[in-house]
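Report on one structure; see the data block that follows.
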Amino acid sequence: MVTYMNDTPDLSHVIEPAAINTLAQLLIERVRRTPQQEAYRQYDALMQCWRSTTWVDALYEVKRWRLALQNEALPPGARVGIMLGNCREWVFMEQAALGLGLVVVPLFTNDRAENVGYILADADVKVVLIDGDEHLELLRPIHPQLAKLVRLLTLQPGTGEPGLDNLRAVSAWLPSNAPAFAPHAGQSGDLATIVYTSGTTGRPKGVMLSHKNILSNAYAGVVYTVPNDLFLSFLPLSHMLERTLGYYIPMMTGATVAFARSVPQLGEDLVMIRPTLLISVPRIYERVYARIQEQLATKSGFARALFTAAVNVGWERFLMQQGRGGWSPKLLLWPLLYRLVARKVLGKLGGRLRVAIAGGAALAPHIAKTFIGLGLPLIQGYGLTETSPIISGNKLNDNIPESVGEPLFGVQVRVAENGELLAKGDGIMLGYWNCPEATQRIIDADGWLHTGDKARIESNHIFITGRLKEIIVLANGEKVAPGDMEQAIAADPLFEHVMIVGEGRPFLAALVSLQGDQWQKLAASLGVNPDDGRVLGSKPVIDELLSRITLRTGAFPGYAQIRRVVVTPEAWSIENGLITPTLKLRRERILAYFPAQVQQLYAGH
């Protein structure tokens, strides 16, 4: 067992959890300390400019939202849903709710209506804030359920929806003034939020996090920030990764948060905002890396060699700075290579990044090496929604990219006899909402949370080596249990075997083998020759397979949907080693057996 002992940074600017009880009190204390400092920066589409909000101005808006929410007469502990992109209003709504002792339930803006409906019902949400008509249309299948809410709020005034008498535009709902108020006198152990995450049943489970859970985890993570940091927030605030690192920690330290306009405009916003700290899932770094490789492919051999030299020399420089490498004459080339190569790449990220954090999924070592070699201070971290969410992270002066770093202050970790990583600390969730059995399965009698990941610990650094159970982590950090999805798809008699893939990829896909008689019938209905292997990859066949798969997986979360499918050219059998005698899939063997088919699934991505 190890416990993280960090360097002793200057934390005089940081609000300590001991000084407050709740996240609502965190805002009050921040305003008391730095009222006129810039808190948020957001793009005004109407005026076509970026507008700043100070901490005292933010508190004024929160007071208005709190009074309007108070008028809905919800009792403390009632649930309030937020379905918005990242913006100031997300913060205003949550802080208003927390100030009344309400519990916030974040909702994904791109989720399936059925999944949103399940969450609203499971958490018994009373008030929901959405963006506008686009979300109303997205949620059309559950409009009868929305009509039963105490209030449905829309940020952008629109045409509205007949029959939704509880629908109001925020502009008409908010009062014109903001009276003084004292936040709800809650306790640190009170429930603050329920964050739904995918579970093995196919339905998401609600992770219950208290004010203490989040405040303690945020305080342990402030070592990565300084007061004048400028964050660029673009990961969804419905993720605890962004919410803790990109919302609560800046509030705790007094840093500024700029809200990106959208992911497609992220490149422009990076250059425009020039952040000093960036939080991202690996997918963003992968996209930048892929773009670099595409551009290099069109360059001369000399240009490609120059880029490779910059990465290699920069990497040696990094190892020397970390104390894991010595000086080499090649390092004398770094100033020139920086000017010719590295500065141009870093400039596209704004040119001022003091630290870039990758979390939510594993970052491929060669991509990490490329960016670090080019001079980007990139560090990886690790955690779960159930841990508020940070368990560990590398430090700038002790960065081992292959690892996920050291446990944060106050977090204990150990490796169980079966190789599973266990964690304990103040950030461990209260449990799963309405799922006491699932809570008991993940948190043992001694308070250790079972992460489900296999790991080893060397030099106080955690190295994730695999998963105890088959869990797919997509490039955006979403976790999917493939077993239940495979079982649902295989309920269609057309599919003999199904294996979901997508580890570290941008989306889920399926490798399938077909049952002979059923394939004959399908081929006849489509008018194709069942004995011609080429038709298995034809558009009519693929469209039919995807349609059947979508029908079987409709109950799963929106991000857990299959976007591509390929039929393997050979059946899966005990004889060829692809399944066990008990008919279980040998996943690694299947991947190794059909590499061309897996590559086909992600061609162009």
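Chain labels follow the order of the structure tokens: the first chain is A, the next B, and so on; residue numbering restarts at 1 in every chain, and ligands are counted from 1 in their shown order.
The residue set within 9 Å of Ile400 in chain A, counting only C-alpha atoms and dropping same-chain residues fewer than 2 places from it, reads Gln322, Ile379, Gln380, Asn394, Lys395, Asp398, Glu402, Ser403, Val404, Gly405 and His461 of chain A.
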Quick one: everything within 8 Å of Arg456 in chain A, counting only C-alpha atoms, minus sequence neighbours fewer than 5 positions away in the same chain. Send it as a JSON list (two decimals) with all heavy atoms, in the first residue's frame.
[["chain", "number", "residue", "atom", "x", "y", "z"],
["A", 415, "VAL", "N", -2.67, -3.07, -4.32],
["A", 415, "VAL", "CA", -2.99, -4.08, -5.33],
["A", 415, "VAL", "C", -3.40, -5.36, -4.62],
["A", 415, "VAL", "O", -2.65, -5.89, -3.79],
["A", 415, "VAL", "CB", -1.79, -4.33, -6.27],
["A", 415, "VAL", "CG1", -2.13, -5.44, -7.27],
["A", 415, "VAL", "CG2", -1.42, -3.05, -7.00],
["A", 419, "GLY", "N", -4.51, -8.94, -8.42],
["A", 419, "GLY", "CA", -3.94, -7.91, -9.28],
["A", 419, "GLY", "C", -4.79, -6.68, -9.44],
["A", 419, "GLY", "O", -4.39, -5.72, -10.13],
["A", 421, "LEU", "N", -6.50, -3.11, -8.70],
["A", 421, "LEU", "CA", -6.16, -1.89, -7.98],
["A", 421, "LEU", "C", -7.33, -1.50, -7.09],
["A", 421, "LEU", "O", -8.48, -1.38, -7.56],
["A", 421, "LEU", "CB", -5.85, -0.77, -8.97],
["A", 421, "LEU", "CG", -5.45, 0.57, -8.34],
["A", 421, "LEU", "CD1", -4.08, 0.45, -7.65],
["A", 421, "LEU", "CD2", -5.42, 1.68, -9.39],
["A", 462, "ILE", "N", 1.67, 4.24, -10.37],
["A", 462, "ILE", "CA", 0.71, 3.20, -10.73],
["A", 462, "ILE", "C", 0.79, 2.94, -12.23],
["A", 462, "ILE", "O", 0.74, 3.87, -13.05],
["A", 462, "ILE", "CB", -0.72, 3.63, -10.36],
["A", 462, "ILE", "CG1", -0.83, 3.91, -8.86],
["A", 462, "ILE", "CG2", -1.73, 2.57, -10.77],
["A", 462, "ILE", "CD1", -2.15, 4.55, -8.46],
["A", 463, "PHE", "N", 0.88, 1.68, -12.60],
["A", 463, "PHE", "CA", 0.88, 1.26, -13.99],
["A", 463, "PHE", "C", -0.34, 0.37, -14.21],
["A", 463, "PHE", "O", -0.44, -0.70, -13.59],
["A", 463, "PHE", "CB", 2.15, 0.49, -14.35],
["A", 463, "PHE", "CG", 3.41, 1.31, -14.29],
["A", 463, "PHE", "CD1", 4.02, 1.59, -13.06],
["A", 463, "PHE", "CD2", 3.99, 1.82, -15.45],
["A", 463, "PHE", "CE1", 5.19, 2.35, -12.99],
["A", 463, "PHE", "CE2", 5.16, 2.57, -15.39],
["A", 463, "PHE", "CZ", 5.75, 2.84, -14.16],
["A", 464, "ILE", "N", -1.26, 0.81, -15.05],
["A", 464, "ILE", "CA", -2.45, 0.01, -15.35],
["A", 464, "ILE", "C", -2.06, -1.05, -16.37],
["A", 464, "ILE", "O", -1.55, -0.73, -17.45],
["A", 464, "ILE", "CB", -3.59, 0.88, -15.89],
["A", 464, "ILE", "CG1", -3.93, 2.01, -14.88],
["A", 464, "ILE", "CG2", -4.82, 0.04, -16.18],
["A", 464, "ILE", "CD1", -4.40, 1.50, -13.53],
["A", 465, "THR", "N", -2.31, -2.30, -16.04],
["A", 465, "THR", "CA", -1.85, -3.40, -16.89],
["A", 465, "THR", "C", -2.98, -4.15, -17.58],
["A", 465, "THR", "O", -2.73, -5.00, -18.43],
["A", 465, "THR", "CB", -1.05, -4.41, -16.05],
["A", 465, "THR", "OG1", -1.87, -4.91, -14.99],
["A", 465, "THR", "CG2", 0.19, -3.74, -15.45]]
- Selection: 6 Å around Ala475 in chain A, only C-alpha atoms, excl. self and same-chain fewer than 2 positions, as an NGL selection string: :A and (282-283 or 477 or 504-506)
Limited to all heavy atoms, could you put the picked residues into a file as a short mmCIF file (atom, residue, chain, number, x, y, z; two decimals), in the first residue's frame?
data_model
loop_
_atom_site.label_atom_id
_atom_site.label_comp_id
_atom_site.auth_asym_id
_atom_site.auth_seq_id
_atom_site.Cartn_x
_atom_site.Cartn_y
_atom_site.Cartn_z
N PRO A 282 -7.72 11.40 -24.36
CA PRO A 282 -6.71 11.10 -25.38
C PRO A 282 -7.16 11.38 -26.81
O PRO A 282 -6.33 11.64 -27.69
CB PRO A 282 -6.44 9.60 -25.16
CG PRO A 282 -6.70 9.40 -23.71
CD PRO A 282 -7.87 10.29 -23.40
N ARG A 283 -8.46 11.32 -27.08
CA ARG A 283 -8.94 11.45 -28.45
C ARG A 283 -8.49 12.77 -29.08
O ARG A 283 -8.18 12.81 -30.29
CB ARG A 283 -10.46 11.34 -28.47
CG ARG A 283 -11.07 11.37 -29.87
CD ARG A 283 -10.52 10.25 -30.73
NE ARG A 283 -11.05 10.28 -32.08
CZ ARG A 283 -10.46 9.75 -33.12
NH1 ARG A 283 -9.29 9.13 -32.98
NH2 ARG A 283 -11.00 9.80 -34.31
N GLY A 477 -13.12 8.48 -23.12
CA GLY A 477 -13.17 8.17 -21.70
C GLY A 477 -14.39 7.41 -21.26
O GLY A 477 -14.44 6.93 -20.12
N GLY A 504 -9.89 2.32 -26.73
CA GLY A 504 -9.08 3.44 -27.18
C GLY A 504 -9.50 4.03 -28.51
O GLY A 504 -8.80 4.89 -29.06
N ARG A 505 -10.64 3.59 -29.03
CA ARG A 505 -11.12 4.04 -30.34
C ARG A 505 -12.20 5.11 -30.16
O ARG A 505 -12.78 5.25 -29.09
CB ARG A 505 -11.69 2.86 -31.13
CG ARG A 505 -10.71 1.70 -31.35
CD ARG A 505 -9.71 2.03 -32.42
NE ARG A 505 -8.98 0.83 -32.85
CZ ARG A 505 -8.21 0.78 -33.92
NH1 ARG A 505 -8.06 1.85 -34.66
NH2 ARG A 505 -7.57 -0.33 -34.24
N PRO A 506 -12.54 5.82 -31.24
CA PRO A 506 -13.55 6.89 -31.12
C PRO A 506 -14.98 6.37 -31.03
O PRO A 506 -15.87 7.13 -30.65
CB PRO A 506 -13.34 7.70 -32.41
CG PRO A 506 -12.72 6.76 -33.37
CD PRO A 506 -11.85 5.85 -32.55
#
Could you make a table, as CSV, of the residues of range 299-376 of chain A that have an atom within 10 Å of an atom of range 212-236 of chain A, each with its nearest atom pair and distance in Å to one decimal, counting only C-alpha atoms, in chain and number order?
residue,atom,partner,partner_atom,distance
A:Arg352,CA,A:Leu230,CA,9.7
A:Leu353,CA,A:Leu230,CA,9.2
A:Arg354,CA,A:Asp229,CA,8.6
A:Val355,CA,A:Tyr224,CA,7.7
A:Ala356,CA,A:Tyr224,CA,9.7
A:Ile357,CA,A:Tyr224,CA,9.2
For the selection just defined, write its residues with N, CA and C atoms to a file, as a CSV table (one decimal), in the first residue's frame.
chain,number,residue,atom,x,y,z
A,352,ARG,N,1.0,28.7,-25.0
A,352,ARG,CA,1.3,29.1,-23.6
A,352,ARG,C,1.0,28.0,-22.6
A,353,LEU,N,0.8,26.7,-23.1
A,353,LEU,CA,0.4,25.7,-22.2
A,353,LEU,C,1.5,25.4,-21.1
A,354,ARG,N,1.1,25.6,-19.9
A,354,ARG,CA,2.0,25.2,-18.8
A,354,ARG,C,1.9,23.8,-18.4
A,355,VAL,N,0.7,23.2,-18.6
A,355,VAL,CA,0.5,21.8,-18.4
A,355,VAL,C,-0.7,21.4,-19.2
A,356,ALA,N,-0.6,20.2,-19.8
A,356,ALA,CA,-1.7,19.5,-20.5
A,356,ALA,C,-2.0,18.2,-19.8
A,357,ILE,N,-3.2,18.0,-19.4
A,357,ILE,CA,-3.6,16.8,-18.7
A,357,ILE,C,-4.4,15.9,-19.6
- Message: For the structure I just gave you, how does DSSP split range 175-387 of chain A - specifically, which residues are strand (DSSP E)? Reply as a VMD selection string.
- Response: chain A and resid 191 to 197 205 to 210 230 to 233 256 to 259 277 to 280 355 to 358 378 to 383
- Message: Can you pull out the residues contacting range 56-61 of chain A? Cut-off 8 Å, using only C-alpha atoms, and skip same-chain residues under 2 positions away; I want them as a ChimeraX atom specification.
- Response: /A:27-28,31,35-36,39,53-54,63-65,92,178
Only N, CA and C atoms, please: the residues just picked out, written as a PDB file, in the first residue's frame.
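Output contents, as saved in again-v7.pdb:
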ATOM      1  N   LEU A  27     -18.050  28.958  -3.599  1.00  0.00           N
ATOM      2  CA  LEU A  27     -18.212  30.169  -4.410  1.00  0.00           C
ATOM      3  C   LEU A  27     -18.230  31.416  -3.528  1.00  0.00           C
ATOM      4  N   ILE A  28     -18.953  31.375  -2.412  1.00  0.00           N
ATOM      5  CA  ILE A  28     -19.024  32.521  -1.506  1.00  0.00           C
ATOM      6  C   ILE A  28     -17.627  32.916  -1.034  1.00  0.00           C
ATOM      7  N   VAL A  31     -15.524  34.545  -3.822  1.00  0.00           N
ATOM      8  CA  VAL A  31     -15.909  35.944  -4.037  1.00  0.00           C
ATOM      9  C   VAL A  31     -15.351  36.824  -2.926  1.00  0.00           C
ATOM     10  N   PRO A  35     -12.996  39.193  -5.408  1.00  0.00           N
ATOM     11  CA  PRO A  35     -14.275  39.538  -6.038  1.00  0.00           C
ATOM     12  C   PRO A  35     -14.159  40.056  -7.472  1.00  0.00           C
ATOM     13  N   GLN A  36     -13.118  40.834  -7.764  1.00  0.00           N
ATOM     14  CA  GLN A  36     -13.016  41.471  -9.078  1.00  0.00           C
ATOM     15  C   GLN A  36     -12.159  40.693 -10.076  1.00  0.00           C
ATOM     16  N   ALA A  39     -13.488  35.411 -13.579  1.00  0.00           N
ATOM     17  CA  ALA A  39     -13.868  34.030 -13.288  1.00  0.00           C
ATOM     18  C   ALA A  39     -14.104  33.248 -14.571  1.00  0.00           C
ATOM     19  N   THR A  53     -16.630  37.560 -17.046  1.00  0.00           N
ATOM     20  CA  THR A  53     -17.462  37.646 -15.851  1.00  0.00           C
ATOM     21  C   THR A  53     -16.553  37.550 -14.640  1.00  0.00           C
ATOM     22  N   THR A  54     -16.650  38.514 -13.734  1.00  0.00           N
ATOM     23  CA  THR A  54     -15.862  38.455 -12.507  1.00  0.00           C
ATOM     24  C   THR A  54     -16.550  37.533 -11.504  1.00  0.00           C
ATOM     25  N   LYS A  63     -27.371  34.337  -7.501  1.00  0.00           N
ATOM     26  CA  LYS A  63     -28.459  34.786  -6.618  1.00  0.00           C
ATOM     27  C   LYS A  63     -29.778  34.862  -7.368  1.00  0.00           C
ATOM     28  N   ARG A  64     -29.744  35.364  -8.595  1.00  0.00           N
ATOM     29  CA  ARG A  64     -30.964  35.439  -9.408  1.00  0.00           C
ATOM     30  C   ARG A  64     -31.501  34.035  -9.692  1.00  0.00           C
ATOM     31  N   TRP A  65     -30.611  33.130 -10.087  1.00  0.00           N
ATOM     32  CA  TRP A  65     -31.027  31.767 -10.377  1.00  0.00           C
ATOM     33  C   TRP A  65     -31.552  31.084  -9.120  1.00  0.00           C
ATOM     34  N   PHE A  92     -24.089  28.608 -13.018  1.00  0.00           N
ATOM     35  CA  PHE A  92     -25.103  29.373 -12.287  1.00  0.00           C
ATOM     36  C   PHE A  92     -26.219  28.459 -11.782  1.00  0.00           C
ATOM     37  N   ALA A 178     -31.428  40.539  -7.511  1.00  0.00           N
ATOM     38  CA  ALA A 178     -30.802  39.422  -6.800  1.00  0.00           C
ATOM     39  C   ALA A 178     -30.611  39.782  -5.337  1.00  0.00           C
TER      40      ALA A 178
END
- Message: When you look at Glu242 in chain A with a cut-off of 12 Å (counting only C-alpha atoms), what residues show up, excluding the ones that are within fewer than 4 positions of it in the same chain? I need them as a ChimeraX atom specification.
- Response: /A:86,218,231-238,246-250,257,259,278-281,357-360,385,388-390,476-477
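Every protein, DNA or RNA residue with an atom at most 8 Å from Ser52 in chain A, where only C-alpha atoms count and chain neighbours fewer than 3 positions away do not, is listed here: Glu38, Ala39, Tyr40, Arg41 and Gln42 of chain A.
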Using only N, CA and C atoms, please write the residues we just selected to a file, as a PDB file, in the first residue's frame.
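selection-v6.pdb was written with the following content:
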ATOM      1  N   GLU A  38     -11.212  37.901 -12.839  1.00  0.00           N
ATOM      2  CA  GLU A  38     -11.987  37.267 -13.900  1.00  0.00           C
ATOM      3  C   GLU A  38     -12.231  35.802 -13.566  1.00  0.00           C
ATOM      4  N   ALA A  39     -13.488  35.411 -13.579  1.00  0.00           N
ATOM      5  CA  ALA A  39     -13.868  34.030 -13.288  1.00  0.00           C
ATOM      6  C   ALA A  39     -14.104  33.248 -14.571  1.00  0.00           C
ATOM      7  N   TYR A  40     -14.891  33.831 -15.498  1.00  0.00           N
ATOM      8  CA  TYR A  40     -15.290  33.113 -16.696  1.00  0.00           C
ATOM      9  C   TYR A  40     -15.181  34.007 -17.932  1.00  0.00           C
ATOM     10  N   ARG A  41     -14.929  33.338 -19.049  1.00  0.00           N
ATOM     11  CA  ARG A  41     -14.871  34.016 -20.341  1.00  0.00           C
ATOM     12  C   ARG A  41     -15.707  33.189 -21.314  1.00  0.00           C
ATOM     13  N   GLN A  42     -16.657  33.837 -21.946  1.00  0.00           N
ATOM     14  CA  GLN A  42     -17.595  33.112 -22.804  1.00  0.00           C
ATOM     15  C   GLN A  42     -17.876  33.918 -24.062  1.00  0.00           C
TER      16      GLN A  42
END
- Could you write out, as a count of residues only, all the residues of range 143-334 of chain A that DSSP marks as alpha helix (DSSP H)? 74
- Task: For CA of Ala571 in chain A and CA of Lys479 in chain A, determine how far apart the two atoms are, in Å to one decimal place.
- Result: 28.5 Å
- Which polymer residues have any atom within 8 Å of an atom of His497 in chain A, counting only C-alpha atoms, with same-chain residues fewer than 3 positions away left out, as number ranges by chain? A: 490, 512-514, 572
Give me the range 436-490 of chain A side of the contact with range 544-567 of chain A, cut-off 8 Å, one line per residue showing its nearest atom pair and distance in Å at one decimal, counting only C-alpha atoms, sorted by chain and residue number, as a tab-separated table.
residue	atom	partner	partner_atom	distance
A:Glu478	CA	A:Tyr559	CA	7.5
A:Val480	CA	A:Ala560	CA	6.5
A:Met485	CA	A:Thr553	CA	6.5
A:Ala488	CA	A:Arg552	CA	5.7
A:Ile489	CA	A:Arg552	CA	5.4
Could you write out that same residue set with C-alpha atoms as a short mmCIF file (atom, residue, chain, number, x, y, z; two decimals), in the first residue's frame?
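Done, and the output landed in again14.cif:
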data_model
loop_
_atom_site.label_atom_id
_atom_site.label_comp_id
_atom_site.auth_asym_id
_atom_site.auth_seq_id
_atom_site.Cartn_x
_atom_site.Cartn_y
_atom_site.Cartn_z
CA GLU A 478 -16.60 6.55 -21.73
CA VAL A 480 -18.71 0.28 -21.81
CA MET A 485 -24.44 -5.63 -25.49
CA ALA A 488 -28.45 -8.45 -26.64
CA ILE A 489 -27.21 -8.54 -30.25
#
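If you measure from each of A:Ser538, A:Ser262, A:Gln487, A:Asn434 to Cys87 in chain A using only C-alpha atoms, the closest one turns out to be A:Ser262.
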